[in-house]
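Asker: Below is final.pdb; it holds PDB, C-alpha atoms and all ligand atoms.
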```pdb
ATOM      1  CA  MET Y  46     -48.026-257.930  17.821  1.00  0.00           C
ATOM      2  CA  ARG Y  47     -50.699-255.284  17.282  1.00  0.00           C
ATOM      3  CA  HIS Y  48     -52.976-254.512  20.215  1.00  0.00           C
ATOM      4  CA  ALA Y  49     -56.697-255.352  19.810  1.00  0.00           C
ATOM      5  CA  ALA Y  50     -57.600-251.748  20.671  1.00  0.00           C
ATOM      6  CA  PHE Y  51     -55.610-250.587  17.674  1.00  0.00           C
ATOM      7  CA  GLU Y  52     -57.575-252.921  15.406  1.00  0.00           C
ATOM      8  CA  ILE Y  53     -60.833-251.363  16.618  1.00  0.00           C
ATOM      9  CA  PHE Y  54     -59.533-247.838  16.354  1.00  0.00           C
ATOM     10  CA  VAL Y  55     -58.484-248.098  12.707  1.00  0.00           C
ATOM     11  CA  LYS Y  56     -61.628-249.903  11.543  1.00  0.00           C
ATOM     12  CA  GLN Y  57     -63.208-248.009   8.669  1.00  0.00           C
ATOM     13  CA  HIS Y  58     -66.872-247.148   8.371  1.00  0.00           C
ATOM     14  CA  LEU Y  59     -69.302-246.293   5.623  1.00  0.00           C
ATOM     15  CA  PRO Y  60     -70.023-242.571   5.723  1.00  0.00           C
ATOM     16  CA  ASN Y  61     -73.811-243.084   5.883  1.00  0.00           C
ATOM     17  CA  LEU Y  62     -76.626-245.493   5.156  1.00  0.00           C
ATOM     18  CA  THR Y  63     -78.448-243.399   2.606  1.00  0.00           C
ATOM     19  CA  ASN Y  64     -75.889-243.198  -0.216  1.00  0.00           C
ATOM     20  CA  THR Y  65     -75.085-246.132  -2.468  1.00  0.00           C
ATOM     21  CA  PRO Y  66     -71.445-247.187  -2.051  1.00  0.00           C
ATOM     22  CA  PRO Y  67     -69.288-247.516  -5.201  1.00  0.00           C
ATOM     23  CA  ASN Y  68     -70.520-250.574  -7.133  1.00  0.00           C
ATOM     24  CA  GLY Y  69     -73.607-250.781  -4.925  1.00  0.00           C
ATOM     25  CA  TRP Y  70     -74.611-252.476  -1.681  1.00  0.00           C
ATOM     26  CA  ARG Y  71     -73.238-255.990  -2.130  1.00  0.00           C
ATOM     27  CA  TYR Y  72     -71.861-258.823  -0.076  1.00  0.00           C
ATOM     28  CA  ILE Y  73     -70.096-262.067  -0.894  1.00  0.00           C
ATOM     29  CA  VAL Y  74     -71.512-264.522   1.638  1.00  0.00           C
ATOM     30  CA  PRO Y  75     -68.489-266.394   3.037  1.00  0.00           C
ATOM     31  CA  GLU Y  76     -70.575-269.452   3.931  1.00  0.00           C
ATOM     32  CA  THR Y  77     -71.721-269.995   0.308  1.00  0.00           C
ATOM     33  CA  GLY Y  78     -69.342-267.910  -1.821  1.00  0.00           C
ATOM     34  CA  HIS Y  79     -72.416-266.287  -3.415  1.00  0.00           C
ATOM     35  CA  LEU Y  80     -72.505-262.591  -4.316  1.00  0.00           C
ATOM     36  CA  VAL Y  81     -75.749-260.945  -3.127  1.00  0.00           C
ATOM     37  CA  GLY Y  82     -76.356-257.606  -4.813  1.00  0.00           C
ATOM     38  CA  PRO Y  83     -75.519-255.055  -5.942  1.00  0.00           C
ATOM     39  CA  PHE Y  84     -78.485-252.991  -4.708  1.00  0.00           C
ATOM     40  CA  THR Y  85     -78.992-249.274  -4.339  1.00  0.00           C
ATOM     41  CA  GLY Y  86     -80.080-249.498  -0.672  1.00  0.00           C
ATOM     42  CA  TRP Y  87     -78.989-251.281   2.513  1.00  0.00           C
ATOM     43  CA  ALA Y  88     -82.541-252.409   3.345  1.00  0.00           C
ATOM     44  CA  GLN Y  89     -82.766-254.168  -0.034  1.00  0.00           C
ATOM     45  CA  LEU Y  90     -79.438-255.925   0.490  1.00  0.00           C
ATOM     46  CA  TYR Y  91     -80.453-256.884   4.016  1.00  0.00           C
ATOM     47  CA  GLN Y  92     -83.712-258.459   2.867  1.00  0.00           C
ATOM     48  CA  ASN Y  93     -82.003-260.386   0.066  1.00  0.00           C
ATOM     49  CA  LEU Y  94     -79.240-261.581   2.381  1.00  0.00           C
ATOM     50  CA  LYS Y  95     -81.876-262.874   4.779  1.00  0.00           C
ATOM     51  CA  LEU Y  96     -83.550-264.787   1.935  1.00  0.00           C
ATOM     52  CA  HIS Y  97     -80.208-266.179   0.793  1.00  0.00           C
ATOM     53  CA  TYR Y  98     -79.132-267.312   4.273  1.00  0.00           C
ATOM     54  CA  ASP Y  99     -82.537-268.905   4.880  1.00  0.00           C
ATOM     55  CA  ALA Y 100     -82.515-270.702   1.515  1.00  0.00           C
ATOM     56  CA  ALA Y 101     -78.966-271.960   2.124  1.00  0.00           C
ATOM     57  CA  GLY Y 102     -79.919-273.210   5.591  1.00  0.00           C
ATOM     58  CA  TYR Y 103     -77.664-270.866   7.583  1.00  0.00           C
ATOM     59  CA  ASP Y 104     -78.492-268.406  10.348  1.00  0.00           C
ATOM     60  CA  MET Y 105     -77.706-264.897   9.205  1.00  0.00           C
ATOM     61  CA  PRO Y 106     -75.024-263.445  11.539  1.00  0.00           C
ATOM     62  CA  GLU Y 107     -76.428-260.904  14.001  1.00  0.00           C
ATOM     63  CA  ASP Y 108     -73.615-258.508  13.083  1.00  0.00           C
ATOM     64  CA  ILE Y 109     -74.303-258.771   9.349  1.00  0.00           C
ATOM     65  CA  PHE Y 110     -74.129-255.003   8.869  1.00  0.00           C
ATOM     66  CA  ASP Y 111     -70.616-254.900  10.338  1.00  0.00           C
ATOM     67  CA  LYS Y 112     -69.545-257.719   8.017  1.00  0.00           C
ATOM     68  CA  VAL Y 113     -71.001-256.015   4.931  1.00  0.00           C
ATOM     69  CA  GLU Y 114     -69.417-252.730   5.947  1.00  0.00           C
ATOM     70  CA  ALA Y 115     -66.012-254.376   6.456  1.00  0.00           C
ATOM     71  CA  GLN Y 116     -66.184-256.042   3.040  1.00  0.00           C
ATOM     72  CA  ILE Y 117     -67.184-252.862   1.217  1.00  0.00           C
ATOM     73  CA  CYS Y 118     -64.609-250.754   3.073  1.00  0.00           C
ATOM     74  CA  GLU Y 119     -61.873-253.273   2.314  1.00  0.00           C
ATOM     75  CA  ASN Y 120     -62.484-252.715  -1.404  1.00  0.00           C
ATOM     76  CA  TYR Y 121     -63.283-248.987  -1.298  1.00  0.00           C
ATOM     77  CA  GLN Y 122     -61.071-247.548   1.403  1.00  0.00           C
ATOM     78  CA  GLU Y 123     -61.231-244.060  -0.059  1.00  0.00           C
ATOM     79  CA  TYR Y 124     -65.037-244.107   0.384  1.00  0.00           C
ATOM     80  CA  CYS Y 125     -64.853-245.135   4.056  1.00  0.00           C
ATOM     81  CA  GLY Y 126     -63.183-243.424   6.993  1.00  0.00           C
ATOM     82  CA  GLY Y 127     -62.622-243.688  10.754  1.00  0.00           C
ATOM     83  CA  GLY Y 128     -64.103-241.271  13.275  1.00  0.00           C
ATOM     84  CA  PRO Y 129     -64.322-240.114  16.872  1.00  0.00           C
ATOM     85  CA  SER Y 130     -67.255-242.395  17.628  1.00  0.00           C
ATOM     86  CA  LEU Y 131     -64.858-245.334  17.303  1.00  0.00           C
ATOM     87  CA  PHE Y 132     -63.000-244.268  20.390  1.00  0.00           C
ATOM     88  CA  LYS Y 133     -66.283-243.907  22.212  1.00  0.00           C
ATOM     89  CA  ARG Y 134     -67.199-247.416  21.131  1.00  0.00           C
ATOM     90  CA  PHE Y 135     -63.894-248.752  22.349  1.00  0.00           C
ATOM     91  CA  VAL Y 136     -64.026-247.193  25.798  1.00  0.00           C
ATOM     92  CA  GLY Y 137     -67.705-248.153  26.025  1.00  0.00           C
ATOM     93  CA  GLY Y 138     -66.667-251.808  25.977  1.00  0.00           C
ATOM     94  CA  VAL Y 139     -68.209-254.848  24.396  1.00  0.00           C
ATOM     95  CA  ALA Y 140     -71.720-254.236  25.705  1.00  0.00           C
ATOM     96  CA  GLY Y 141     -71.754-250.846  23.974  1.00  0.00           C
ATOM     97  CA  LEU Y 142     -70.591-252.349  20.717  1.00  0.00           C
ATOM     98  CA  SER Y 143     -73.498-254.735  20.615  1.00  0.00           C
ATOM     99  CA  HIS Y 144     -76.281-252.140  21.071  1.00  0.00           C
ATOM    100  CA  THR Y 145     -75.710-249.721  18.235  1.00  0.00           C
ATOM    101  CA  TYR Y 146     -77.528-247.712  15.619  1.00  0.00           C
ATOM    102  CA  HIS Y 147     -76.716-250.347  12.987  1.00  0.00           C
ATOM    103  CA  ASN Y 148     -78.293-253.150  15.001  1.00  0.00           C
ATOM    104  CA  ALA Y 149     -81.353-250.981  15.631  1.00  0.00           C
ATOM    105  CA  PHE Y 150     -81.754-250.211  11.941  1.00  0.00           C
ATOM    106  CA  GLN Y 151     -81.265-253.838  10.997  1.00  0.00           C
ATOM    107  CA  CYS Y 152     -83.981-254.941  13.406  1.00  0.00           C
ATOM    108  CA  LEU Y 153     -86.425-252.274  12.180  1.00  0.00           C
ATOM    109  CA  ALA Y 154     -85.767-253.265   8.540  1.00  0.00           C
ATOM    110  CA  THR Y 155     -86.656-256.853   9.455  1.00  0.00           C
ATOM    111  CA  LEU Y 156     -89.880-255.744  11.147  1.00  0.00           C
ATOM    112  CA  ILE Y 157     -90.910-253.659   8.129  1.00  0.00           C
ATOM    113  CA  SER Y 158     -90.254-256.487   5.696  1.00  0.00           C
ATOM    114  CA  ASN Y 159     -92.234-258.937   7.813  1.00  0.00           C
ATOM    115  CA  MET Y 160     -95.216-256.793   8.755  1.00  0.00           C
ATOM    116  CA  ALA Y 161     -97.319-258.250   5.927  1.00  0.00           C
ATOM    117  CA  GLY Y 162     -98.628-261.805   6.072  1.00  0.00           C
ATOM    118  CA  GLY Y 163    -100.850-263.624   8.544  1.00  0.00           C
ATOM    119  CA  GLY Y 164    -101.703-262.642  12.085  1.00  0.00           C
ATOM    120  CA  GLU Y 165    -103.485-259.737  13.707  1.00  0.00           C
ATOM    121  CA  ARG Y 166    -101.910-256.357  14.201  1.00  0.00           C
ATOM    122  CA  PRO Y 167    -102.019-255.479  17.922  1.00  0.00           C
ATOM    123  CA  ASP Y 168    -104.998-253.416  19.053  1.00  0.00           C
ATOM    124  CA  GLN Y 169    -104.687-250.433  21.392  1.00  0.00           C
ATOM    125  CA  THR Y 170    -105.179-252.486  24.583  1.00  0.00           C
ATOM    126  CA  LEU Y 171    -102.483-254.967  23.657  1.00  0.00           C
ATOM    127  CA  ALA Y 172    -100.040-252.257  22.554  1.00  0.00           C
ATOM    128  CA  ASP Y 173    -100.626-250.363  25.832  1.00  0.00           C
ATOM    129  CA  SER Y 174     -99.896-253.439  27.908  1.00  0.00           C
ATOM    130  CA  ARG Y 175     -96.778-254.285  25.871  1.00  0.00           C
ATOM    131  CA  ALA Y 176     -95.542-250.724  26.285  1.00  0.00           C
ATOM    132  CA  ALA Y 177     -96.086-250.871  30.054  1.00  0.00           C
ATOM    133  CA  ALA Y 178     -94.025-254.082  30.238  1.00  0.00           C
ATOM    134  CA  CYS Y 179     -91.149-252.526  28.259  1.00  0.00           C
ATOM    135  CA  VAL Y 180     -91.079-249.430  30.468  1.00  0.00           C
ATOM    136  CA  GLU Y 181     -90.602-251.613  33.571  1.00  0.00           C
ATOM    137  CA  CYS Y 182     -88.002-253.799  31.871  1.00  0.00           C
ATOM    138  CA  PRO Y 183     -84.250-253.424  32.540  1.00  0.00           C
ATOM    139  CA  GLU Y 184     -83.609-254.192  28.851  1.00  0.00           C
ATOM    140  CA  ASN Y 185     -85.362-250.972  27.756  1.00  0.00           C
ATOM    141  CA  GLY Y 186     -82.439-248.599  27.059  1.00  0.00           C
ATOM    142  CA  GLU Y 187     -80.781-246.081  24.781  1.00  0.00           C
ATOM    143  CA  ILE Y 188     -78.698-247.126  21.778  1.00  0.00           C
ATOM    144  CA  GLU Y 189     -75.283-245.783  21.071  1.00  0.00           C
ATOM    145  CA  GLY Y 190     -75.496-242.922  18.603  1.00  0.00           C
ATOM    146  CA  CYS Y 191     -73.327-242.911  15.521  1.00  0.00           C
ATOM    147  CA  THR Y 192     -71.889-239.791  13.955  1.00  0.00           C
ATOM    148  CA  HIS Y 193     -71.567-241.580  10.601  1.00  0.00           C
ATOM    149  CA  CYS Y 194     -75.172-242.651  10.463  1.00  0.00           C
ATOM    150  CA  ASN Y 195     -78.221-240.801   9.397  1.00  0.00           C
ATOM    151  CA  MET Y 196     -80.516-240.798  12.441  1.00  0.00           C
ATOM    152  CA  LYS Y 197     -83.311-239.589  10.179  1.00  0.00           C
ATOM    153  CA  THR Y 198     -83.303-243.002   8.508  1.00  0.00           C
ATOM    154  CA  LEU Y 199     -83.946-244.609  11.868  1.00  0.00           C
ATOM    155  CA  ARG Y 200     -86.761-242.190  12.700  1.00  0.00           C
ATOM    156  CA  HIS Y 201     -88.416-242.792   9.310  1.00  0.00           C
ATOM    157  CA  ALA Y 202     -88.305-246.546   9.831  1.00  0.00           C
ATOM    158  CA  ILE Y 203     -89.975-246.118  13.241  1.00  0.00           C
ATOM    159  CA  GLU Y 204     -92.641-243.788  11.804  1.00  0.00           C
ATOM    160  CA  ARG Y 205     -93.349-246.267   9.016  1.00  0.00           C
ATOM    161  CA  ILE Y 206     -94.289-248.887  11.605  1.00  0.00           C
ATOM    162  CA  VAL Y 207     -95.996-246.696  14.201  1.00  0.00           C
ATOM    163  CA  GLY Y 208     -97.933-244.270  11.969  1.00  0.00           C
ATOM    164  CA  SER Y 209    -100.102-242.042  14.137  1.00  0.00           C
ATOM    165  CA  ARG Y 210    -100.587-244.600  16.911  1.00  0.00           C
ATOM    166  CA  LYS Y 211     -99.736-243.704  20.499  1.00  0.00           C
ATOM    167  CA  THR Y 212     -99.615-245.268  23.950  1.00  0.00           C
ATOM    168  CA  PRO Y 213     -99.466-243.557  27.363  1.00  0.00           C
ATOM    169  CA  SER Y 214     -95.930-244.982  27.840  1.00  0.00           C
ATOM    170  CA  ASP Y 215     -94.422-243.659  24.586  1.00  0.00           C
ATOM    171  CA  GLY Y 216     -92.205-241.092  26.345  1.00  0.00           C
ATOM    172  CA  ALA Y 217     -90.396-243.825  28.280  1.00  0.00           C
ATOM    173  CA  LEU Y 218     -90.039-246.341  25.450  1.00  0.00           C
ATOM    174  CA  LYS Y 219     -86.470-246.735  24.221  1.00  0.00           C
ATOM    175  CA  PHE Y 220     -84.686-249.604  22.485  1.00  0.00           C
ATOM    176  CA  CYS Y 221     -84.714-253.261  23.495  1.00  0.00           C
ATOM    177  CA  LYS Y 222     -81.186-254.271  24.468  1.00  0.00           C
ATOM    178  CA  VAL Y 223     -81.905-257.885  23.531  1.00  0.00           C
ATOM    179  CA  CYS Y 224     -83.053-257.457  19.912  1.00  0.00           C
ATOM    180  CA  HIS Y 225     -81.972-253.789  19.425  1.00  0.00           C
ATOM    181  CA  CYS Y 226     -85.381-252.823  18.019  1.00  0.00           C
ATOM    182  CA  ASN Y 227     -87.120-249.611  18.953  1.00  0.00           C
ATOM    183  CA  ASN Y 228     -89.794-250.516  21.501  1.00  0.00           C
ATOM    184  CA  LYS Y 229     -92.154-247.758  20.380  1.00  0.00           C
ATOM    185  CA  ALA Y 230     -92.277-249.481  16.982  1.00  0.00           C
ATOM    186  CA  LYS Y 231     -92.046-253.073  18.119  1.00  0.00           C
ATOM    187  CA  ILE Y 232     -95.151-252.950  20.324  1.00  0.00           C
ATOM    188  CA  TRP Y 233     -97.261-252.282  17.186  1.00  0.00           C
ATOM    189  CA  VAL Y 234     -95.996-255.302  15.249  1.00  0.00           C
ATOM    190  CA  LYS Y 235     -97.803-258.620  15.365  1.00  0.00           C
ATOM    191  CA  HIS Y 236     -96.097-261.179  17.559  1.00  0.00           C
ATOM    192  CA  GLU Y 237     -95.408-263.792  14.901  1.00  0.00           C
ATOM    193  CA  ALA Y 238     -93.581-261.270  12.685  1.00  0.00           C
ATOM    194  CA  ILE Y 239     -91.098-260.745  15.518  1.00  0.00           C
ATOM    195  CA  TRP Y 240     -90.978-264.199  17.087  1.00  0.00           C
ATOM    196  CA  LYS Y 241     -90.254-266.032  13.855  1.00  0.00           C
ATOM    197  CA  PHE Y 242     -87.118-263.953  13.350  1.00  0.00           C
ATOM    198  CA  THR Y 243     -85.889-263.959  16.954  1.00  0.00           C
ATOM    199  CA  SER Y 244     -82.871-266.217  17.371  1.00  0.00           C
ATOM    200  CA  ASP Y 245     -82.980-268.955  20.011  1.00  0.00           C
ATOM    201  CA  ALA Y 246     -80.117-267.225  21.811  1.00  0.00           C
ATOM    202  CA  ASN Y 247     -82.130-263.986  22.060  1.00  0.00           C
ATOM    203  CA  LYS Y 248     -85.279-265.848  23.125  1.00  0.00           C
ATOM    204  CA  LYS Y 249     -83.303-267.257  26.048  1.00  0.00           C
ATOM    205  CA  ARG Y 250     -82.131-263.752  27.027  1.00  0.00           C
ATOM    206  CA  LEU Y 251     -85.651-262.306  27.299  1.00  0.00           C
ATOM    207  CA  PRO Y 252     -86.793-261.740  30.879  1.00  0.00           C
ATOM    208  CA  GLU Y 253     -89.803-263.749  32.089  1.00  0.00           C
ATOM    209  CA  THR Y 254     -91.847-260.527  32.225  1.00  0.00           C
ATOM    210  CA  CYS Y 255     -91.171-259.715  28.554  1.00  0.00           C
ATOM    211  CA  TRP Y 256     -94.410-259.549  26.554  1.00  0.00           C
ATOM    212  CA  LEU Y 257     -92.739-261.349  23.671  1.00  0.00           C
ATOM    213  CA  LYS Y 258     -92.224-264.325  25.943  1.00  0.00           C
ATOM    214  CA  VAL Y 259     -95.637-264.062  27.604  1.00  0.00           C
ATOM    215  CA  GLU Y 260     -97.433-264.008  24.223  1.00  0.00           C
ATOM    216  CA  ALA Y 261     -95.318-266.788  22.691  1.00  0.00           C
ATOM    217  CA  PRO Y 262     -97.202-269.912  21.625  1.00  0.00           C
ATOM    218  CA  ASP Y 263     -96.369-273.108  23.521  1.00  0.00           C
ATOM    219  CA  ASP Y 264     -93.801-275.284  21.737  1.00  0.00           C
TER     220      ASP Y 264
HETATM  221  S1  LIG P 301     -86.980-257.651  26.709  1.00  0.00           S
HETATM  222 FE1  LIG P 301     -89.158-257.530  26.144  1.00  0.00          FE
HETATM  223  S2  LIG P 301     -90.127-256.258  27.697  1.00  0.00           S
HETATM  224 FE2  LIG P 301     -87.894-255.953  27.812  1.00  0.00          FE
HETATM  225  S3  LIG P 301     -87.485-254.172  26.531  1.00  0.00           S
HETATM  226 FE3  LIG P 301     -87.195-255.971  25.234  1.00  0.00          FE
HETATM  227  S4  LIG P 301     -89.246-256.283  24.297  1.00  0.00           S
HETATM  228 FE4  LIG P 301     -89.536-254.885  26.022  1.00  0.00          FE
END
```
Go ahead and render the structure in this file as structure tokens.
Ligand code: SF4
Answerer:
Amino acid sequence: MRHAAFEIFVKQHLPNLTNTPPNGWRYIVPETGHLVGPFTGWAQLYQNLKLHYDAAGYDMPEDIFDKVEAQICENYQEYCGGGPSLFKRFVGGVAGLSHTYHNAFQCLATLISNMAGGGERPDQTLADSRAAACVECPENGEIEGCTHCNMKTLRHAIERIVGSRKTPSDGALKFCKVCHCNNKAKIWVKHEAIWKFTSDANKKRLPETCWLKVEAPDD
């Protein structure tokens, strides 16, 4: 029998998020058998997968990037490869695996695609108070870096949301360990654009002091 650690160690990864894999970003959704894609970018595939899962009445898996990556790498092994970060992930344990660059990017892509629509964008006072709550929160933490990922992509996504806005707490804002989003970006997004796409499981994990919970409408 092969050891579970071995399975993790040999897992292949896409070399980066910016290049289009052979035959495009695509995913056959196991729940429906439907092929979504191909697209030239991950963000495009992510948005279309979300639409497909919603239309089919399923919750999109939280680890959708890992599933897409596994499917693409299974078909294009020469394009994918292992790496030293895998060992780091393994010794970091399960908690480390769940708070990664991929999750952070996925969350930011969701925020960007849902920024339009109804609701007010937070003003400076609200953003300042949200930021202060995050800084005091035990869920405000670093994400695991990834040598195969382009950190620039993550920074651009954050800049796209934040623009030139600032709060006094910016220097201490990291990533939310519950939803994996960057807190510096998240505090500038209207509540409904986040809340609507927060799973029930994650809502339950939010501390009572979390601004997302405090601002939530009564059921
Ligand atoms: S749980 Fe809420 S307050 Fe805590 S880091 Fe995440 S968003 Fe900020």
Asker: Please provide as a PyMOL selection string all residues within 12 Å of Glu181 in chain Y, with the sequence filter that same-chain residues fewer than 3 positions apart are discarded (counting all atoms listed in the file).
Answerer: chain Y and resi 174-178+184-186+214+217-219+221+252+254-256
Asker: Tell me which of Y:Pro262, Y:Pro183, Y:Gly216, Y:Lys211 sits closest to ligand LIG 301 (chain P), counting only C-alpha atoms and all ligand atoms.
Answerer: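 Under the stated criterion, the closest residue is Y:Pro183.
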Asker: Find the residues around Asp111 in chain Y up to 10 Å (only C-alpha atoms counted), leave out those fewer than 6 positions away in its own chain, and share them as a PyMOL selection string.
Answerer: chain Y and resi 58-59+117+147-148
Asker: Convert the current residue selection to file output with C-alpha atoms, as a CSV table (one decimal), in the coordinates of the input.
Answerer:
```csv
chain,number,residue,atom,x,y,z
Y,58,HIS,CA,-66.9,-247.1,8.4
Y,59,LEU,CA,-69.3,-246.3,5.6
Y,117,ILE,CA,-67.2,-252.9,1.2
Y,147,HIS,CA,-76.7,-250.3,13.0
Y,148,ASN,CA,-78.3,-253.2,15.0
```
Asker: Counting only C-alpha atoms, figure out which residue out of Y:Glu107, Y:Ala230, Y:Pro83, Y:Gln57 gets nearest to Phe242 in chain Y.
Answerer: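 The answer is Y:Glu107, which sits nearest to Phe242 in chain Y.
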Asker: Step by step, gather every atom of ligand LIG 301 (chain P) that the file lists, find the box along x, y and z that holds them, add 8 Å on each side, and finally give centre and edge lengths in Å to one decimal, as AutoDock Vina command-line options.
Answerer:
```
--center_x -88.6 --center_y -255.9 --center_z 26.1 --size_x 19.1 --size_y 19.5 --size_z 19.5
```
Asker: Counting all atoms listed in the file, figure out which residue out of Y:Lys241, Y:Arg166, Y:Lys222, Y:Arg210 gets nearest to ligand LIG 301 (chain P).
Answerer: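 Result for the nearest residue to ligand LIG 301 (chain P): Y:Lys222.
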